[in-house]
$ cat final_32.pdb   # PDB, C-alpha atoms, pLDDT in the B column
ATOM      1  CA  MET A 213     155.865-108.963  56.585  1.00 49.00           C
ATOM      2  CA  SER A 214     156.634-109.592  52.911  1.00 52.00           C
ATOM      3  CA  GLN A 215     156.091-105.897  52.268  1.00 55.00           C
ATOM      4  CA  GLY A 216     158.922-105.104  54.734  1.00 58.00           C
ATOM      5  CA  ARG A 217     161.265-107.535  52.983  1.00 60.00           C
ATOM      6  CA  GLY A 218     160.487-105.986  49.611  1.00 60.00           C
ATOM      7  CA  SER A 219     161.360-102.549  50.946  1.00 64.00           C
ATOM      8  CA  ALA A 220     164.627-103.848  52.387  1.00 60.00           C
ATOM      9  CA  VAL A 221     165.576-105.508  49.101  1.00 62.00           C
ATOM     10  CA  PHE A 222     164.718-102.317  47.205  1.00 60.00           C
ATOM     11  CA  ALA A 223     166.766-100.169  49.606  1.00 56.00           C
ATOM     12  CA  THR A 224     169.718-102.555  49.381  1.00 59.00           C
ATOM     13  CA  THR A 225     169.543-102.519  45.576  1.00 58.00           C
ATOM     14  CA  ILE A 226     169.527 -98.713  45.541  1.00 60.00           C
ATOM     15  CA  MET A 227     172.487 -98.533  47.940  1.00 59.00           C
ATOM     16  CA  LEU A 228     174.534-100.991  45.881  1.00 57.00           C
ATOM     17  CA  SER A 229     173.744 -99.048  42.713  1.00 61.00           C
ATOM     18  CA  LEU A 230     174.930 -95.812  44.316  1.00 57.00           C
ATOM     19  CA  VAL A 231     178.140 -97.466  45.517  1.00 53.00           C
ATOM     20  CA  VAL A 232     178.846 -98.781  42.006  1.00 50.00           C
ATOM     21  CA  LEU A 233     178.136 -95.383  40.413  1.00 51.00           C
ATOM     22  CA  PHE A 234     180.347 -93.601  42.932  1.00 52.00           C
ATOM     23  CA  HIS A 235     183.131 -96.134  42.351  1.00 49.00           C
ATOM     24  CA  PHE A 236     183.066 -95.551  38.593  1.00 50.00           C
ATOM     25  CA  GLU A 237     183.068 -91.780  39.019  1.00 50.00           C
ATOM     26  CA  VAL A 238     186.101 -91.935  41.313  1.00 53.00           C
ATOM     27  CA  ALA A 239     187.857 -94.515  39.146  1.00 54.00           C
ATOM     28  CA  GLU A 240     187.537 -92.339  36.060  1.00 85.00           C
ATOM     29  CA  SER A 241     189.178 -89.259  37.562  1.00 95.00           C
ATOM     30  CA  ALA A 242     192.822 -88.689  36.708  1.00 98.00           C
ATOM     31  CA  SER A 243     195.719 -86.979  38.418  1.00 98.00           C
ATOM     32  CA  TYR A 244     198.080 -84.632  36.555  1.00 98.00           C
ATOM     33  CA  VAL A 245     201.391 -83.214  37.764  1.00 98.00           C
ATOM     34  CA  VAL A 246     201.373 -79.621  36.545  1.00 98.00           C
ATOM     35  CA  GLY A 247     204.478 -78.925  34.469  1.00 97.00           C
ATOM     36  CA  GLY A 248     205.406 -82.617  34.345  1.00 97.00           C
ATOM     37  CA  SER A 249     208.773 -83.511  35.843  1.00 96.00           C
ATOM     38  CA  GLY A 250     209.748 -79.831  36.015  1.00 96.00           C
ATOM     39  CA  GLY A 251     206.814 -79.061  38.294  1.00 98.00           C
ATOM     40  CA  TRP A 252     205.043 -75.756  38.843  1.00 98.00           C
ATOM     41  CA  THR A 253     207.543 -73.171  37.596  1.00 97.00           C
ATOM     42  CA  PHE A 254     208.009 -70.427  35.029  1.00 97.00           C
ATOM     43  CA  ASN A 255     206.716 -70.822  31.460  1.00 95.00           C
ATOM     44  CA  VAL A 256     204.160 -73.560  32.230  1.00 97.00           C
ATOM     45  CA  SER A 257     201.231 -71.708  30.656  1.00 96.00           C
ATOM     46  CA  GLY A 258     201.324 -74.048  27.618  1.00 96.00           C
ATOM     47  CA  TRP A 259     201.460 -77.240  29.704  1.00 97.00           C
ATOM     48  CA  PRO A 260     197.687 -77.992  29.443  1.00 97.00           C
ATOM     49  CA  ASN A 261     197.757 -77.932  25.618  1.00 97.00           C
ATOM     50  CA  GLY A 262     196.608 -81.225  24.096  1.00 96.00           C
ATOM     51  CA  LYS A 263     195.365 -82.663  27.392  1.00 97.00           C
ATOM     52  CA  LYS A 264     191.706 -83.555  28.009  1.00 97.00           C
ATOM     53  CA  PHE A 265     190.584 -82.682  31.532  1.00 98.00           C
ATOM     54  CA  LYS A 266     187.382 -83.683  33.295  1.00 98.00           C
ATOM     55  CA  ALA A 267     185.653 -82.297  36.354  1.00 98.00           C
ATOM     56  CA  GLY A 268     186.963 -84.269  39.315  1.00 98.00           C
ATOM     57  CA  ASP A 269     190.486 -84.659  37.912  1.00 98.00           C
ATOM     58  CA  THR A 270     193.221 -83.594  40.326  1.00 98.00           C
ATOM     59  CA  LEU A 271     196.045 -81.203  39.541  1.00 98.00           C
ATOM     60  CA  VAL A 272     199.207 -81.728  41.589  1.00 98.00           C
ATOM     61  CA  PHE A 273     201.354 -78.627  41.950  1.00 98.00           C
ATOM     62  CA  ASN A 274     204.926 -79.511  42.994  1.00 98.00           C
ATOM     63  CA  TYR A 275     207.216 -76.587  43.855  1.00 98.00           C
ATOM     64  CA  LYS A 276     209.474 -75.275  46.597  1.00 97.00           C
ATOM     65  CA  SER A 277     207.336 -73.780  49.338  1.00 96.00           C
ATOM     66  CA  GLY A 278     208.236 -70.165  50.006  1.00 96.00           C
ATOM     67  CA  ILE A 279     209.588 -69.673  46.492  1.00 97.00           C
ATOM     68  CA  HIS A 280     206.238 -70.098  44.687  1.00 98.00           C
ATOM     69  CA  ASN A 281     202.566 -70.554  45.499  1.00 98.00           C
ATOM     70  CA  VAL A 282     199.348 -71.459  43.682  1.00 98.00           C
ATOM     71  CA  VAL A 283     196.307 -69.213  43.629  1.00 98.00           C
ATOM     72  CA  ALA A 284     192.942 -70.277  42.228  1.00 98.00           C
ATOM     73  CA  VAL A 285     191.666 -67.191  40.413  1.00 98.00           C
ATOM     74  CA  ASN A 286     188.900 -66.132  38.047  1.00 98.00           C
ATOM     75  CA  LYS A 287     189.404 -65.235  34.376  1.00 98.00           C
ATOM     76  CA  GLY A 288     190.161 -61.601  35.212  1.00 98.00           C
ATOM     77  CA  GLY A 289     192.780 -62.639  37.762  1.00 98.00           C
ATOM     78  CA  TYR A 290     194.346 -64.951  35.197  1.00 98.00           C
ATOM     79  CA  GLN A 291     194.433 -62.386  32.407  1.00 98.00           C
ATOM     80  CA  GLY A 292     195.660 -59.542  34.619  1.00 98.00           C
ATOM     81  CA  CYS A 293     197.889 -61.603  36.907  1.00 98.00           C
ATOM     82  CA  THR A 294     195.991 -60.296  39.915  1.00 98.00           C
ATOM     83  CA  THR A 295     194.627 -61.978  43.026  1.00 98.00           C
ATOM     84  CA  PRO A 296     190.915 -61.346  43.519  1.00 97.00           C
ATOM     85  CA  ARG A 297     189.708 -60.743  47.058  1.00 96.00           C
ATOM     86  CA  GLY A 298     188.948 -64.045  48.786  1.00 96.00           C
ATOM     87  CA  ALA A 299     190.979 -66.164  46.329  1.00 97.00           C
ATOM     88  CA  LYS A 300     192.331 -69.429  47.765  1.00 97.00           C
ATOM     89  CA  VAL A 301     196.139 -69.350  48.126  1.00 98.00           C
ATOM     90  CA  TYR A 302     197.999 -72.678  48.374  1.00 98.00           C
ATOM     91  CA  LYS A 303     201.521 -72.714  49.844  1.00 98.00           C
ATOM     92  CA  THR A 304     202.504 -76.288  50.760  1.00 98.00           C
ATOM     93  CA  GLY A 305     204.645 -77.086  47.718  1.00 98.00           C
ATOM     94  CA  LYS A 306     202.634 -80.272  47.140  1.00 98.00           C
ATOM     95  CA  ASP A 307     199.161 -78.881  46.560  1.00 98.00           C
ATOM     96  CA  GLN A 308     196.395 -81.046  45.128  1.00 98.00           C
ATOM     97  CA  ILE A 309     193.435 -79.244  43.605  1.00 98.00           C
ATOM     98  CA  LYS A 310     190.342 -80.906  42.178  1.00 98.00           C
ATOM     99  CA  LEU A 311     189.032 -79.402  38.938  1.00 98.00           C
ATOM    100  CA  VAL A 312     185.465 -78.180  38.691  1.00 98.00           C
ATOM    101  CA  LYS A 313     183.402 -78.321  35.514  1.00 98.00           C
ATOM    102  CA  GLY A 314     184.160 -75.390  33.234  1.00 98.00           C
ATOM    103  CA  GLN A 315     187.052 -72.999  33.386  1.00 98.00           C
ATOM    104  CA  ASN A 316     189.755 -73.284  36.065  1.00 98.00           C
ATOM    105  CA  PHE A 317     192.499 -70.661  36.390  1.00 98.00           C
ATOM    106  CA  PHE A 318     195.661 -70.801  38.504  1.00 98.00           C
ATOM    107  CA  ILE A 319     198.554 -68.371  38.946  1.00 98.00           C
ATOM    108  CA  CYS A 320     201.569 -67.824  41.162  1.00 98.00           C
ATOM    109  CA  ASN A 321     200.979 -64.394  42.689  1.00 98.00           C
ATOM    110  CA  LEU A 322     204.532 -63.682  43.818  1.00 98.00           C
ATOM    111  CA  PRO A 323     205.891 -60.536  42.094  1.00 98.00           C
ATOM    112  CA  GLY A 324     206.671 -61.137  38.416  1.00 98.00           C
ATOM    113  CA  HIS A 325     205.971 -64.881  38.444  1.00 98.00           C
ATOM    114  CA  CYS A 326     202.579 -64.849  36.705  1.00 98.00           C
ATOM    115  CA  GLN A 327     203.892 -62.348  34.158  1.00 97.00           C
ATOM    116  CA  SER A 328     206.725 -64.840  33.451  1.00 96.00           C
ATOM    117  CA  GLY A 329     204.234 -67.535  32.452  1.00 96.00           C
ATOM    118  CA  MET A 330     203.573 -69.097  35.821  1.00 98.00           C
ATOM    119  CA  LYS A 331     199.860 -69.494  35.167  1.00 98.00           C
ATOM    120  CA  ILE A 332     197.571 -72.067  33.604  1.00 98.00           C
ATOM    121  CA  ALA A 333     194.018 -72.052  32.270  1.00 98.00           C
ATOM    122  CA  ILE A 334     192.154 -75.362  32.074  1.00 98.00           C
ATOM    123  CA  THR A 335     188.678 -76.203  30.842  1.00 98.00           C
ATOM    124  CA  ALA A 336     187.282 -79.343  32.461  1.00 98.00           C
ATOM    125  CA  MET A 337     184.417 -81.198  30.795  1.00 97.00           C
TER     126      MET A 337
END

$ encode --input "final_32.pdb" --output "structure tokens"
Amino acid sequence: MSQGRGSAVFATTIMLSLVVLFHFEVAESASYVVGGSGGWTFNVSGWPNGKKFKAGDTLVFNYKSGIHNVVAVNKGGYQGCTTPRGAKVYKTGKDQIKLVKGQNFFICNLPGHCQSGMKIAITAM
């Protein structure tokens, strides 16, 4: 019987440890409004400069739906202002996208928008 109690105590300890670790991971993530008060618009490509991003941080893209969009692209899509096949297109005007570790690229793929600086590249640690 004491062996069963020991297992229960061990399992409870492990569960509490996981809850605490998860809490700290969530608590450390930050939320950023892309473009600041101006939102997701033209000439925002320099907006990430000087900011330190981490995997799990959330980017909030605020814009008028129907006038702009947000497309998660690869490096080639970012550099060439093209939308790779299968790329995720966001259109709500209040899109929230969680950063993954490494490079993250976003563009507006409406004609001429990306070429006018409506794109950002972010490296998340």

$ closest_residue --input "final_32.pdb" --among "A:Ala336, A:Gly250, A:Lys300, A:Gly288" --to "Lys264 in chain A" --atoms "all atoms listed in the file"
A:Ala336

$ resolve_selection --input "final_32.pdb" --expression "the PyMOL selection byres ((chain A and resi 283) around 10)" --output "MDAnalysis selection string"
chainID A and resid 281:282 284:286 289:290 294:296 299:303 317:322 331

$ residues_around --input "final_32.pdb" --residues "Thr304 in chain A" --least-positions-apart "3" --cutoff "10 Å" --atoms "only C-alpha atoms" --output "tab-separated table (two decimals) with C-alpha atoms, in the coordinates of the input"
chain	number	residue	atom	x	y	z
A	273	PHE	CA	201.35	-78.63	41.95
A	274	ASN	CA	204.93	-79.51	42.99
A	275	TYR	CA	207.22	-76.59	43.86
A	276	LYS	CA	209.47	-75.28	46.60
A	277	SER	CA	207.34	-73.78	49.34
A	278	GLY	CA	208.24	-70.17	50.01
A	280	HIS	CA	206.24	-70.10	44.69
A	281	ASN	CA	202.57	-70.55	45.50
A	282	VAL	CA	199.35	-71.46	43.68
A	301	VAL	CA	196.14	-69.35	48.13
A	307	ASP	CA	199.16	-78.88	46.56
A	308	GLN	CA	196.40	-81.05	45.13

$ axis_aligned_box --input "final_32.pdb" --around "range 264-279 of chain A" --padding-each-side "4 Å" --output "AutoDock Vina command-line options"
--center_x 197.6 --center_y -77.2 --center_z 39.0 --size_x 31.9 --size_y 23.0 --size_z 30.0

$ closest_residue --input "final_32.pdb" --among "A:Pro323, A:Pro260, A:Gly292, A:Gly298" --to "Thr335 in chain A" --atoms "all atoms listed in the file"
A:Pro260

$ closest_residue --input "final_32.pdb" --among "A:Thr270, A:Gln327, A:Thr253, A:Asn261" --to "Ile309 in chain A" --atoms "all atoms listed in the file"
A:Thr270

$ resolve_selection --input "final_32.pdb" --expression "the PyMOL selection byres ((chain A and resi 267) around 7)" --output "PDB file with C-alpha atoms, keeping the file's coordinate frame"
ATOM      1  CA  PHE A 265     190.584 -82.682  31.532  1.00 98.00           C
ATOM      2  CA  LYS A 266     187.382 -83.683  33.295  1.00 98.00           C
ATOM      3  CA  GLY A 268     186.963 -84.269  39.315  1.00 98.00           C
ATOM      4  CA  ASP A 269     190.486 -84.659  37.912  1.00 98.00           C
ATOM      5  CA  LEU A 311     189.032 -79.402  38.938  1.00 98.00           C
ATOM      6  CA  VAL A 312     185.465 -78.180  38.691  1.00 98.00           C
ATOM      7  CA  LYS A 313     183.402 -78.321  35.514  1.00 98.00           C
ATOM      8  CA  ALA A 336     187.282 -79.343  32.461  1.00 98.00           C
ATOM      9  CA  MET A 337     184.417 -81.198  30.795  1.00 97.00           C
TER      10      MET A 337
END

$ residues_around --input "final_32.pdb" --residues "Val245 in chain A" --least-positions-apart "5" --cutoff "7 Å" --atoms "all atoms listed in the file" --output "list in words"
Gly251, Leu271, Val272 and Phe273 of chain A

$ closest_residue --input "final_32.pdb" --among "A:Lys306, A:Ile279, A:Ser241, A:Gln291" --to "Ser257 in chain A" --atoms "only C-alpha atoms"
A:Gln291

$ closest_residue --input "final_32.pdb" --among "A:Gly329, A:Cys293, A:Val256, A:Ile334" --to "Gln315 in chain A" --atoms "only C-alpha atoms"
A:Ile334

$ atom_distance --input "final_32.pdb" --atom1 "CA of Ile332 in chain A" --atom2 "CA of Gly262 in chain A"
13.2 Å

$ atom_distance --input "final_32.pdb" --atom1 "CA of Gly305 in chain A" --atom2 "CA of Ser328 in chain A"
18.9 Å

$ atom_distance --input "final_32.pdb" --atom1 "CA of Phe254 in chain A" --atom2 "CA of Arg297 in chain A"
23.9 Å

$ build_atoms --input "final_32.pdb" --residues "range 263-284 of chain A" --atoms "N, CA and C atoms" --output "compact mmCIF listing (two decimals), keeping the file's coordinate frame"
# COMPACT_ATOMS: atom_id res chain seq x y z
N LYS A 263 195.88 -81.76 26.35
CA LYS A 263 195.36 -82.66 27.39
C LYS A 263 193.85 -82.49 27.51
N LYS A 264 193.17 -83.58 27.82
CA LYS A 264 191.71 -83.56 28.01
C LYS A 264 191.42 -83.71 29.50
N PHE A 265 190.87 -82.68 30.10
CA PHE A 265 190.58 -82.68 31.53
C PHE A 265 189.09 -82.85 31.78
N LYS A 266 188.77 -83.49 32.89
CA LYS A 266 187.38 -83.68 33.30
C LYS A 266 187.20 -83.13 34.71
N ALA A 267 185.98 -82.71 34.99
CA ALA A 267 185.65 -82.30 36.35
C ALA A 267 185.95 -83.48 37.27
N GLY A 268 186.58 -83.22 38.38
CA GLY A 268 186.96 -84.27 39.32
C GLY A 268 188.41 -84.70 39.18
N ASP A 269 189.06 -84.38 38.05
CA ASP A 269 190.49 -84.66 37.91
C ASP A 269 191.25 -83.81 38.94
N THR A 270 192.41 -84.30 39.34
CA THR A 270 193.22 -83.59 40.33
C THR A 270 194.50 -83.07 39.70
N LEU A 271 194.77 -81.79 39.95
CA LEU A 271 196.04 -81.20 39.54
C LEU A 271 196.97 -81.23 40.75
N VAL A 272 198.20 -81.70 40.53
CA VAL A 272 199.21 -81.73 41.59
C VAL A 272 200.24 -80.67 41.25
N PHE A 273 200.40 -79.71 42.13
CA PHE A 273 201.35 -78.63 41.95
C PHE A 273 202.56 -78.90 42.84
N ASN A 274 203.68 -79.26 42.25
CA ASN A 274 204.93 -79.51 42.99
C ASN A 274 205.87 -78.33 42.79
N TYR A 275 206.32 -77.74 43.91
CA TYR A 275 207.22 -76.59 43.86
C TYR A 275 207.85 -76.41 45.24
N LYS A 276 208.85 -75.55 45.30
CA LYS A 276 209.47 -75.28 46.60
C LYS A 276 208.63 -74.25 47.34
N SER A 277 208.14 -74.67 48.50
CA SER A 277 207.34 -73.78 49.34
C SER A 277 208.17 -72.56 49.72
N GLY A 278 207.53 -71.40 49.68
CA GLY A 278 208.24 -70.17 50.01
C GLY A 278 208.82 -69.48 48.78
N ILE A 279 209.06 -70.25 47.73
CA ILE A 279 209.59 -69.67 46.49
C ILE A 279 208.45 -69.41 45.51
N HIS A 280 207.42 -70.24 45.54
CA HIS A 280 206.24 -70.10 44.69
C HIS A 280 204.99 -70.36 45.53
N ASN A 281 203.84 -70.17 44.92
CA ASN A 281 202.57 -70.55 45.50
C ASN A 281 201.60 -70.85 44.35
N VAL A 282 200.39 -71.24 44.68
CA VAL A 282 199.35 -71.46 43.68
C VAL A 282 198.12 -70.72 44.17
N VAL A 283 197.52 -69.94 43.28
CA VAL A 283 196.31 -69.21 43.63
C VAL A 283 195.23 -69.56 42.61
N ALA A 284 194.09 -70.02 43.10
CA ALA A 284 192.94 -70.28 42.23
C ALA A 284 192.25 -68.94 42.00
